[in-house]
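Below is the file structure38.csv, which contains CSV, C-alpha atoms.
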chain,number,residue,atom,x,y,z
A,1,MET,CA,89.2,106.2,156.7
A,2,GLN,CA,89.8,106.6,152.9
A,3,GLN,CA,88.5,103.8,150.8
A,4,THR,CA,90.3,102.5,147.8
A,5,GLN,CA,88.5,100.9,144.8
A,6,SER,CA,89.4,97.3,144.4
A,7,PRO,CA,90.4,96.1,140.9
A,8,PRO,CA,87.6,94.4,139.0
A,9,SER,CA,87.2,90.8,139.6
A,10,LYS,CA,88.3,88.4,136.9
A,11,ARG,CA,84.9,86.7,137.5
A,12,ASN,CA,83.3,89.8,135.9
A,13,HIS,CA,85.1,89.0,132.6
A,14,SER,CA,84.1,85.3,132.5
A,15,PRO,CA,80.7,85.7,130.8
A,16,SER,CA,82.1,87.6,127.8
A,17,LEU,CA,85.0,85.1,127.6
A,18,LEU,CA,82.6,82.3,127.7
A,19,LEU,CA,80.5,83.8,125.0
A,20,GLN,CA,83.6,84.2,122.8
A,21,CYS,CA,84.5,80.5,123.3
A,22,LEU,CA,81.0,79.4,122.6
A,23,GLU,CA,81.0,81.4,119.4
A,24,LEU,CA,84.3,79.9,118.2
A,25,VAL,CA,83.0,76.4,118.9
A,26,LEU,CA,79.6,77.0,117.2
A,27,SER,CA,81.3,78.4,114.1
A,28,TRP,CA,82.4,74.8,113.2
A,29,LEU,CA,78.9,73.4,113.3
A,30,THR,CA,76.8,72.5,110.3
A,31,PRO,CA,73.4,74.3,109.8
A,32,GLN,CA,71.6,71.3,111.2
A,33,GLU,CA,73.8,71.1,114.3
A,34,LEU,CA,73.6,74.8,114.8
A,35,ALA,CA,69.8,74.7,114.6
A,36,THR,CA,69.6,71.9,117.1
A,37,ILE,CA,71.9,73.5,119.7
A,38,SER,CA,70.1,76.8,119.4
A,39,LEU,CA,67.0,75.2,121.0
A,40,THR,CA,68.8,74.3,124.2
A,41,CYS,CA,68.9,77.8,125.8
A,42,SER,CA,68.3,81.5,125.0
A,43,THR,CA,72.0,82.3,125.0
A,44,LEU,CA,72.9,79.7,122.4
A,45,HIS,CA,69.8,80.7,120.4
A,46,THR,CA,71.1,84.3,120.2
A,47,ILE,CA,74.6,83.3,119.2
A,48,SER,CA,73.3,80.9,116.6
A,49,LYS,CA,71.0,83.6,115.1
A,50,SER,CA,73.9,86.1,114.8
A,51,MET,CA,76.1,83.4,113.3
A,52,THR,CA,73.4,82.5,110.7
A,53,LEU,CA,73.2,86.2,109.7
A,54,ARG,CA,77.0,86.5,109.3
A,55,ARG,CA,77.1,83.3,107.3
A,56,ALA,CA,74.4,84.6,105.0
A,57,SER,CA,76.3,87.9,104.6
A,58,ASP,CA,79.4,86.3,102.9
A,59,ALA,CA,79.6,82.9,101.2
A,60,SER,CA,83.4,83.4,100.7
A,61,ARG,CA,84.2,83.6,104.5
A,62,ALA,CA,86.3,86.8,103.7
A,63,PHE,CA,88.6,84.9,101.4
A,64,GLU,CA,87.6,87.2,98.5
A,65,SER,CA,88.0,91.0,98.0
A,66,HIS,CA,84.3,91.6,98.5
A,67,PRO,CA,81.6,89.8,100.6
A,68,ILE,CA,79.4,87.6,98.5
A,69,PRO,CA,76.0,87.6,100.2
A,70,PHE,CA,73.1,85.2,100.0
A,71,HIS,CA,69.6,86.6,99.4
A,72,ASN,CA,66.5,84.4,99.8
A,73,SER,CA,62.9,85.5,99.5
A,74,VAL,CA,61.7,82.1,98.4
A,75,ASP,CA,62.0,79.7,101.4
A,76,GLU,CA,63.4,79.5,104.9
A,77,HIS,CA,67.0,78.5,103.9
A,78,PRO,CA,69.3,81.6,104.7
A,79,TYR,CA,72.4,80.2,103.0
A,80,ALA,CA,73.9,77.1,101.3
A,81,TYR,CA,76.5,75.2,103.4
A,82,PHE,CA,79.7,74.0,101.8
A,83,ILE,CA,83.5,74.3,102.4
A,84,TYR,CA,85.1,77.2,100.7
A,85,THR,CA,88.3,77.1,98.7
A,86,PRO,CA,89.3,79.9,96.4
A,87,SER,CA,91.1,77.6,93.9
A,88,GLN,CA,91.3,73.9,93.0
A,89,ILE,CA,92.8,71.5,95.5
A,90,PRO,CA,93.6,67.7,95.3
A,91,SER,CA,91.0,65.4,96.8
A,92,SER,CA,93.7,64.1,99.1
A,93,SER,CA,94.0,67.6,100.7
A,94,SER,CA,90.2,68.0,100.9
A,95,GLN,CA,90.0,64.9,103.2
A,96,PHE,CA,91.4,67.2,106.0
A,97,LEU,CA,88.6,69.8,105.3
A,98,GLY,CA,85.8,67.9,107.0
A,99,ARG,CA,84.7,71.2,108.7
A,100,GLN,CA,85.5,74.8,108.3
A,101,SER,CA,84.9,77.7,110.7
A,102,TRP,CA,82.2,80.1,109.4
A,103,GLY,CA,80.3,82.8,111.0
A,104,SER,CA,82.4,83.7,114.1
A,105,SER,CA,82.9,87.4,114.5
A,106,SER,CA,86.5,86.8,115.3
A,107,SER,CA,87.4,84.1,112.8
A,108,ALA,CA,87.4,86.0,109.4
A,109,HIS,CA,90.6,85.1,107.6
A,110,LYS,CA,91.9,87.4,104.8
A,111,SER,CA,94.5,86.2,102.4
A,112,ASN,CA,96.1,88.1,99.6
A,113,SER,CA,99.0,85.9,98.5
A,114,VAL,CA,99.2,83.3,95.8
A,115,ALA,CA,100.0,80.6,98.4
A,116,GLY,CA,97.2,81.7,100.6
A,117,LEU,CA,94.7,81.5,97.8
A,118,GLY,CA,95.7,77.9,97.2
A,119,VAL,CA,96.6,78.5,93.5
A,120,GLN,CA,98.6,75.8,91.8
A,121,THR,CA,99.1,73.0,94.2
A,122,LEU,CA,100.4,70.6,91.5
A,123,ARG,CA,103.6,71.8,89.8
A,124,PHE,CA,106.5,70.6,87.7
A,125,VAL,CA,109.6,70.4,89.9
A,126,ASP,CA,113.3,69.7,89.3
A,127,GLU,CA,115.5,67.1,91.1
A,128,SER,CA,115.8,69.3,94.1
A,129,GLY,CA,112.1,69.6,94.5
A,130,GLU,CA,112.0,73.3,93.4
A,131,CYS,CA,109.5,74.5,90.7
A,132,ALA,CA,111.2,74.0,87.4
A,133,TYR,CA,109.6,76.9,85.5
A,134,GLY,CA,109.3,80.6,86.1
A,135,CYS,CA,110.4,84.0,84.8
A,136,GLU,CA,112.9,86.3,86.4
A,137,CYS,CA,111.0,89.5,85.4
A,138,GLU,CA,110.5,92.1,88.1
A,139,ALA,CA,107.7,93.6,86.0
A,140,CYS,CA,106.2,91.5,83.2
A,141,GLY,CA,105.2,93.5,80.1
A,142,GLU,CA,103.4,92.2,77.1
A,143,GLU,CA,105.1,89.7,74.8
A,144,GLY,CA,107.8,91.4,72.8
A,145,VAL,CA,107.9,94.5,75.0
A,146,GLY,CA,111.3,95.2,76.5
A,147,GLY,CA,113.5,92.8,74.6
A,148,ASP,CA,112.3,89.3,74.3
A,149,GLY,CA,109.4,89.9,76.7
A,150,CYS,CA,108.3,87.7,79.6
A,151,PRO,CA,108.7,84.0,78.7
A,152,CYS,CA,105.5,83.2,80.5
A,153,PHE,CA,103.3,84.9,77.9
A,154,GLY,CA,101.9,82.8,75.2
A,155,GLY,CA,100.1,79.5,75.6
A,156,PHE,CA,98.8,77.0,73.0
A,157,ASN,CA,95.6,75.5,71.9
A,158,ASP,CA,93.5,78.2,73.6
A,159,VAL,CA,95.2,77.7,76.9
A,160,VAL,CA,96.1,81.1,78.5
A,161,ALA,CA,99.6,81.3,80.0
A,162,GLU,CA,100.3,83.3,83.2
A,163,CYS,CA,103.2,83.7,85.6
A,164,GLY,CA,103.5,81.2,88.3
A,165,PRO,CA,104.6,80.8,92.0
A,166,SER,CA,108.3,80.6,91.1
A,167,CYS,CA,108.3,83.7,89.0
A,168,ALA,CA,110.1,86.8,90.4
A,169,CYS,CA,107.1,89.1,89.8
A,170,GLY,CA,104.5,89.7,92.5
A,171,LEU,CA,100.8,89.2,92.7
A,172,ASP,CA,100.2,92.7,91.2
A,173,CYS,CA,101.9,91.5,88.0
A,174,GLY,CA,99.7,92.1,84.9
A,175,ASN,CA,100.2,88.5,83.9
A,176,ARG,CA,98.5,87.1,87.0
A,177,LEU,CA,95.0,88.3,86.0
A,178,THR,CA,93.2,85.2,87.4
A,179,GLN,CA,95.3,84.7,90.6
A,180,ARG,CA,94.0,87.5,92.7
A,181,GLY,CA,90.7,85.9,93.5
A,182,ILE,CA,87.2,87.4,92.8
A,183,GLU,CA,87.5,91.1,92.4
A,184,VAL,CA,84.0,91.9,91.0
A,185,LYS,CA,81.0,92.2,93.3
A,186,LEU,CA,78.7,89.2,93.2
A,187,LYS,CA,75.7,87.9,95.1
A,188,ILE,CA,73.8,84.6,95.4
A,189,LEU,CA,70.0,84.6,95.0
A,190,ARG,CA,67.5,81.9,95.6
A,191,ASP,CA,65.2,80.9,92.7
A,192,GLY,CA,62.1,78.9,93.2
A,193,ARG,CA,63.0,76.5,90.3
A,194,LYS,CA,66.8,76.8,89.9
A,195,GLY,CA,67.7,77.0,93.5
A,196,TRP,CA,70.7,79.1,94.4
A,197,SER,CA,72.0,81.2,91.4
A,198,LEU,CA,74.9,83.6,91.0
A,199,TYR,CA,74.3,87.2,90.0
A,200,ALA,CA,76.3,90.3,89.2
A,201,ASP,CA,76.2,92.9,92.0
A,202,GLN,CA,77.8,95.5,89.7
A,203,PHE,CA,78.3,96.2,86.0
A,204,ILE,CA,80.9,93.8,84.6
A,205,PRO,CA,82.4,94.8,81.2
A,206,LYS,CA,83.0,92.3,78.4
A,207,GLY,CA,86.3,90.4,78.8
A,208,ARG,CA,86.5,91.0,82.6
A,209,PHE,CA,87.7,88.0,84.7
A,210,VAL,CA,84.9,86.9,87.0
A,211,CYS,CA,86.0,83.8,88.9
A,212,GLU,CA,87.5,80.3,88.4
A,213,TYR,CA,85.8,77.0,88.9
A,214,ALA,CA,87.2,75.9,92.2
A,215,GLY,CA,86.8,72.5,93.9
A,216,GLU,CA,88.4,69.1,94.5
A,217,LEU,CA,90.6,67.6,91.7
A,218,LEU,CA,89.5,64.0,91.3
A,219,THR,CA,90.9,61.1,89.4
A,220,THR,CA,88.6,59.6,86.7
A,221,LYS,CA,87.9,56.6,89.0
A,222,GLU,CA,87.0,58.9,91.9
A,223,ALA,CA,84.8,61.0,89.6
A,224,ARG,CA,82.8,58.0,88.3
A,225,LEU,CA,82.3,56.7,91.8
A,226,ARG,CA,81.0,60.0,93.0
A,227,GLN,CA,78.8,60.5,90.0
A,228,GLN,CA,77.0,57.3,90.8
A,229,ILE,CA,76.3,58.5,94.3
A,230,TYR,CA,75.2,61.9,93.0
A,231,ASP,CA,72.9,60.4,90.4
A,232,GLU,CA,71.1,58.5,93.2
A,233,LEU,CA,70.8,61.6,95.4
A,234,ALA,CA,69.7,63.8,92.5
A,235,SER,CA,66.9,61.4,91.5
A,236,GLY,CA,65.0,62.6,94.6
A,237,GLY,CA,64.9,66.1,93.2
A,238,HIS,CA,66.6,67.9,96.1
A,239,PHE,CA,70.3,67.5,95.3
A,240,SER,CA,72.4,69.5,92.8
A,241,PRO,CA,75.9,68.1,92.2
A,242,ALA,CA,78.6,70.3,90.8
A,243,LEU,CA,81.1,67.8,89.3
A,244,LEU,CA,82.6,69.2,86.1
A,245,VAL,CA,84.8,67.2,83.6
A,246,VAL,CA,87.4,69.3,81.7
A,247,ARG,CA,89.3,68.2,78.7
A,248,GLU,CA,92.5,70.0,77.4
A,249,HIS,CA,93.4,68.9,73.9
A,250,LEU,CA,97.1,68.2,73.4
A,251,PRO,CA,99.1,69.8,70.6
A,252,SER,CA,98.7,66.7,68.4
A,253,ARG,CA,94.9,67.0,68.6
A,254,LYS,CA,94.8,63.2,68.8
A,255,ALA,CA,94.6,63.0,72.6
A,256,CYS,CA,93.4,65.2,75.5
A,257,LEU,CA,94.2,65.7,79.1
A,258,ARG,CA,91.2,65.0,81.2
A,259,TYR,CA,90.7,66.3,84.8
A,260,ASN,CA,87.6,66.4,87.0
A,261,ILE,CA,86.7,69.3,89.4
A,262,ASP,CA,84.1,68.5,92.0
A,263,ALA,CA,82.6,71.6,93.7
A,264,THR,CA,79.7,69.8,95.4
A,265,ARG,CA,81.2,69.7,98.9
A,266,VAL,CA,84.3,71.9,98.5
A,267,GLY,CA,84.4,74.8,96.1
A,268,ASN,CA,83.7,78.5,95.6
A,269,VAL,CA,80.7,80.5,94.4
A,270,SER,CA,81.2,79.3,90.8
A,271,ARG,CA,79.2,76.2,92.0
A,272,PHE,CA,76.1,78.4,91.8
A,273,ILE,CA,76.5,79.4,88.1
A,274,ASN,CA,73.6,77.9,86.2
A,275,HIS,CA,73.4,76.6,82.6
A,276,SER,CA,71.9,78.5,79.7
A,277,CYS,CA,71.1,76.9,76.4
A,278,ASP,CA,71.9,80.1,74.6
A,279,GLY,CA,75.5,80.1,75.9
A,280,GLY,CA,74.9,82.6,78.7
A,281,ASN,CA,77.0,85.6,79.4
A,282,LEU,CA,80.2,83.9,80.6
A,283,SER,CA,82.9,82.2,78.5
A,284,THR,CA,85.4,79.7,79.8
A,285,ALA,CA,89.1,79.6,79.3
A,286,LEU,CA,91.8,77.2,80.6
A,287,VAL,CA,94.6,79.2,82.3
A,288,ARG,CA,97.9,77.6,83.2
A,289,SER,CA,100.4,79.3,85.4
A,290,SER,CA,104.1,78.8,84.6
A,291,GLY,CA,105.3,75.5,86.2
A,292,ALA,CA,101.7,74.2,86.9
A,293,LEU,CA,100.9,70.7,85.9
A,294,LEU,CA,97.2,71.4,85.4
A,295,PRO,CA,95.4,74.4,84.1
A,296,ARG,CA,92.5,76.1,85.9
A,297,LEU,CA,89.1,76.7,84.4
A,298,CYS,CA,88.3,80.4,84.5
A,299,PHE,CA,85.2,82.4,83.7
A,300,PHE,CA,85.2,85.7,81.8
A,301,ALA,CA,82.4,88.0,80.8
A,302,SER,CA,81.5,87.2,77.1
A,303,LYS,CA,79.4,90.4,76.9
A,304,ASP,CA,78.7,93.4,79.0
A,305,ILE,CA,76.8,92.2,82.1
A,306,LYS,CA,74.4,94.5,83.9
A,307,GLU,CA,74.1,94.8,87.7
A,308,ASP,CA,71.5,92.3,89.0
A,309,GLU,CA,71.9,90.0,85.9
A,310,GLU,CA,72.3,86.3,86.4
A,311,LEU,CA,75.6,84.8,85.5
A,312,THR,CA,75.3,81.7,83.2
A,313,PHE,CA,77.3,79.6,80.8
A,314,SER,CA,76.8,76.5,78.6
A,315,TYR,CA,77.4,73.2,80.4
A,316,GLY,CA,77.9,71.6,76.9
A,317,GLU,CA,76.0,70.3,74.0
A,318,ILE,CA,75.9,66.5,74.8
A,319,ARG,CA,72.7,65.1,76.3
A,320,GLU,CA,73.2,61.4,76.6
A,321,ARG,CA,70.6,60.9,79.3
A,322,SER,CA,67.0,61.1,78.0
A,323,LYS,CA,65.8,61.4,81.6
A,324,GLY,CA,68.3,64.1,82.6
A,325,LEU,CA,67.7,67.0,84.9
A,326,GLN,CA,65.2,69.6,83.8
A,327,CYS,CA,66.5,72.9,82.5
A,328,PHE,CA,65.0,76.1,83.7
A,329,CYS,CA,67.2,78.6,81.8
A,330,GLY,CA,64.2,80.3,80.2
A,331,SER,CA,66.1,81.1,76.9
A,332,SER,CA,64.2,81.1,73.6
A,333,CYS,CA,66.3,78.1,72.5
A,334,CYS,CA,65.9,76.1,75.7
A,335,LEU,CA,66.0,72.3,75.1
A,336,GLY,CA,64.3,71.4,78.4
A,337,ILE,CA,67.0,69.1,79.6
A,338,LEU,CA,70.4,70.0,81.1
A,339,PRO,CA,73.5,68.7,79.2
A,340,SER,CA,74.9,65.4,80.5
A,341,GLU,CA,77.4,62.8,79.5
A,342,GLN,CA,78.9,59.6,80.9
A,343,THR,CA,81.5,60.5,83.5
Turn this file's structure into structure tokens for me.
Amino acid sequence: MQQTQSPPSKRNHSPSLLLQCLELVLSWLTPQELATISLTCSTLHTISKSMTLRRASDASRAFESHPIPFHNSVDEHPYAYFIYTPSQIPSSSSQFLGRQSWGSSSSAHKSNSVAGLGVQTLRFVDESGECAYGCECEACGEEGVGGDGCPCFGGFNDVVAECGPSCACGLDCGNRLTQRGIEVKLKILRDGRKGWSLYADQFIPKGRFVCEYAGELLTTKEARLRQQIYDELASGGHFSPALLVVREHLPSRKACLRYNIDATRVGNVSRFINHSCDGGNLSTALVRSSGALLPRLCFFASKDIKEDEELTFSYGEIRERSKGLQCFCGSSCCLGILPSEQT
């Protein structure tokens, strides 16, 4: 009698399906939670170990064009845990980002659109709720080229102007230089004194856009409350806040627009850029897209940057706290204390 082979049992597929489900669940855990659950059985230990390696291989969770890996030869911490956003977001939106999937082999999320990158969440709108500003250019040339040129070019008071979400041009427009995410190769290294530090993983020519300072947009009241908490935590020596106060001077020069970006819990890799008393190798510029209420703080190479060179900039000149955090920049003009001012 001829025997026929029976179809494989669904039960044979259950182990791999179970492992996939476990991996998806574990990708939402914090490092502490992941370490705890890895002790329960060999299977979870294996999954947790693989997930830790994947997290360390890309801080950006595949949001950026290139992976941004962690490297640590100093201690046992394989990576720094935070919630990633490629651009600034209102603090009201960040309340829904209590957790973020990171490290699952099937949860990488690429995004190559302006909306996907989260650029410009606050805009000027007309009575219908549509963005009130934007050009109709299909291909934006430099100012004055092709008739009147693109109306989005220009800016004032050192604020760079770019096309915005309501413009007819696409993301490949030459006037959207800072809106395509991080396009240079970077890496994050652990230093015994500074902690995590951002380094170039390729040659970066002078003037090249590097990244923007992404994080939560806070009101001044929120910023002051958080700074009080951060000061208490930092006094123990094991906490590094990343709250930055930005001021844009208005045309009258008699007033300024202040906004606060906190990358301590939610941010991108710019949170790892350290201070240098000599000004560093990065310059900052405020960039406002057409129709945007607030500009974004962007970093550009102020000089040619070699591969494996640390990226630094000046946090400022004001040092109001005599007992501020110690500076380890190592420059010949180091003042020994990091800049600080009253939030």
I want to know what sits within 9 Å of Cys167 (chain A), based on all atoms listed in the file, with residues of the same chain fewer than 4 positions away left out; could you give that as a PyMOL selection string?
chain A and resi 133-138+152+163+290
Between CA of Ser57 (chain A) and CA of Thr43 (chain A), what is the spacing in Å?
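For CA of Thr43 (chain A) relative to CA of Ser57 (chain A), the distance reads 21.6 Å.
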Within 7 Å of Gln202 (chain A), counting all atoms listed in the file, which residues show up once you throw out same-chain ones fewer than 6 positions away? Write them as a list in words, please.
Lys185, Lys306 and Glu307 of chain A
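Going from CA of His66 (chain A) to CA of Val184 (chain A) covers 7.5 Å.
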In Å, how far is it from CA of Glu64 (chain A) to CA of Ile182 (chain A)?
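Between CA of Glu64 (chain A) and CA of Ile182 (chain A) the gap is 5.7 Å.
Restricting the calculation to only C-alpha atoms, the smallest distance between Ala292 (chain A) and any of A:Asp75, A:Phe153, A:Gly164, A:Gln179 is found for A:Gly164.
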Show me, as a list in words, the residues that have an atom within 7 Å of Thr284 (chain A) when counting only C-alpha atoms, minus same-chain residues fewer than 4 positions from it.
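Here the qualifying residues turn out to be Leu297, Cys298, Phe299 and Phe300 of chain A.
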Residues around (78.0, 86.9, 84.6), cut-off 9 Å, counting only C-alpha atoms - what are they as a list of chain:residue names?
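Applying the cut-off with only C-alpha atoms, one gets A:Leu186, A:Leu198, A:Tyr199, A:Ala200, A:Ile204, A:Val210, A:Ile273, A:Gly280, A:Asn281, A:Leu282, A:Phe299, A:Phe300, A:Ala301, A:Ser302, A:Lys303, A:Asp304, A:Ile305, A:Lys306, A:Glu309, A:Glu310, A:Leu311, A:Thr312, A:Phe313.
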Take the point (88.8, 73.5, 99.5) as written in the file and pick out every residue within 7 Å of it, counting only C-alpha atoms; give the list as a ChimeraX atom specification.
/A:83-85,88-89,94,97,215-216,266-267
A:Arg208, A:Arg226, A:Arg271, A:Arg190 ranked by distance to Ser91 (chain A), top pick (using all atoms listed in the file):
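Looking only at the distances to Ser91 (chain A), the closest residue turns out to be A:Arg226.
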Residues within 12 Å of Leu53 (chain A), only C-alpha atoms, excluding chain neighbours under 4 positions, as a list in words:
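Using only C-alpha atoms, the neighbours found are Pro31, Thr46, Ile47, Ser48, Lys49, Ser57, Asp58, Ala59, Pro69, Phe70, His71, His77, Pro78, Tyr79, Trp102, Gly103, Ser104 and Ser105 of chain A.
Counting only C-alpha atoms, the residue from A:Leu26, A:Ile188, A:Leu294, A:Leu325 that sits nearest to Ser270 (chain A) is A:Ile188.
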I'd like the contact shell of region 250-260 of chain A - 6 Å cut-off, only C-alpha atoms, skipping same-chain residues fewer than 4 positions apart - returned as number ranges by chain.
A: 217-218, 244-246
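Shortest separation to Glu23 (chain A) among A:Ala214, A:Leu171, A:Ile318, A:Leu44 occurs at residue A:Leu44, atoms counted being all atoms listed in the file.
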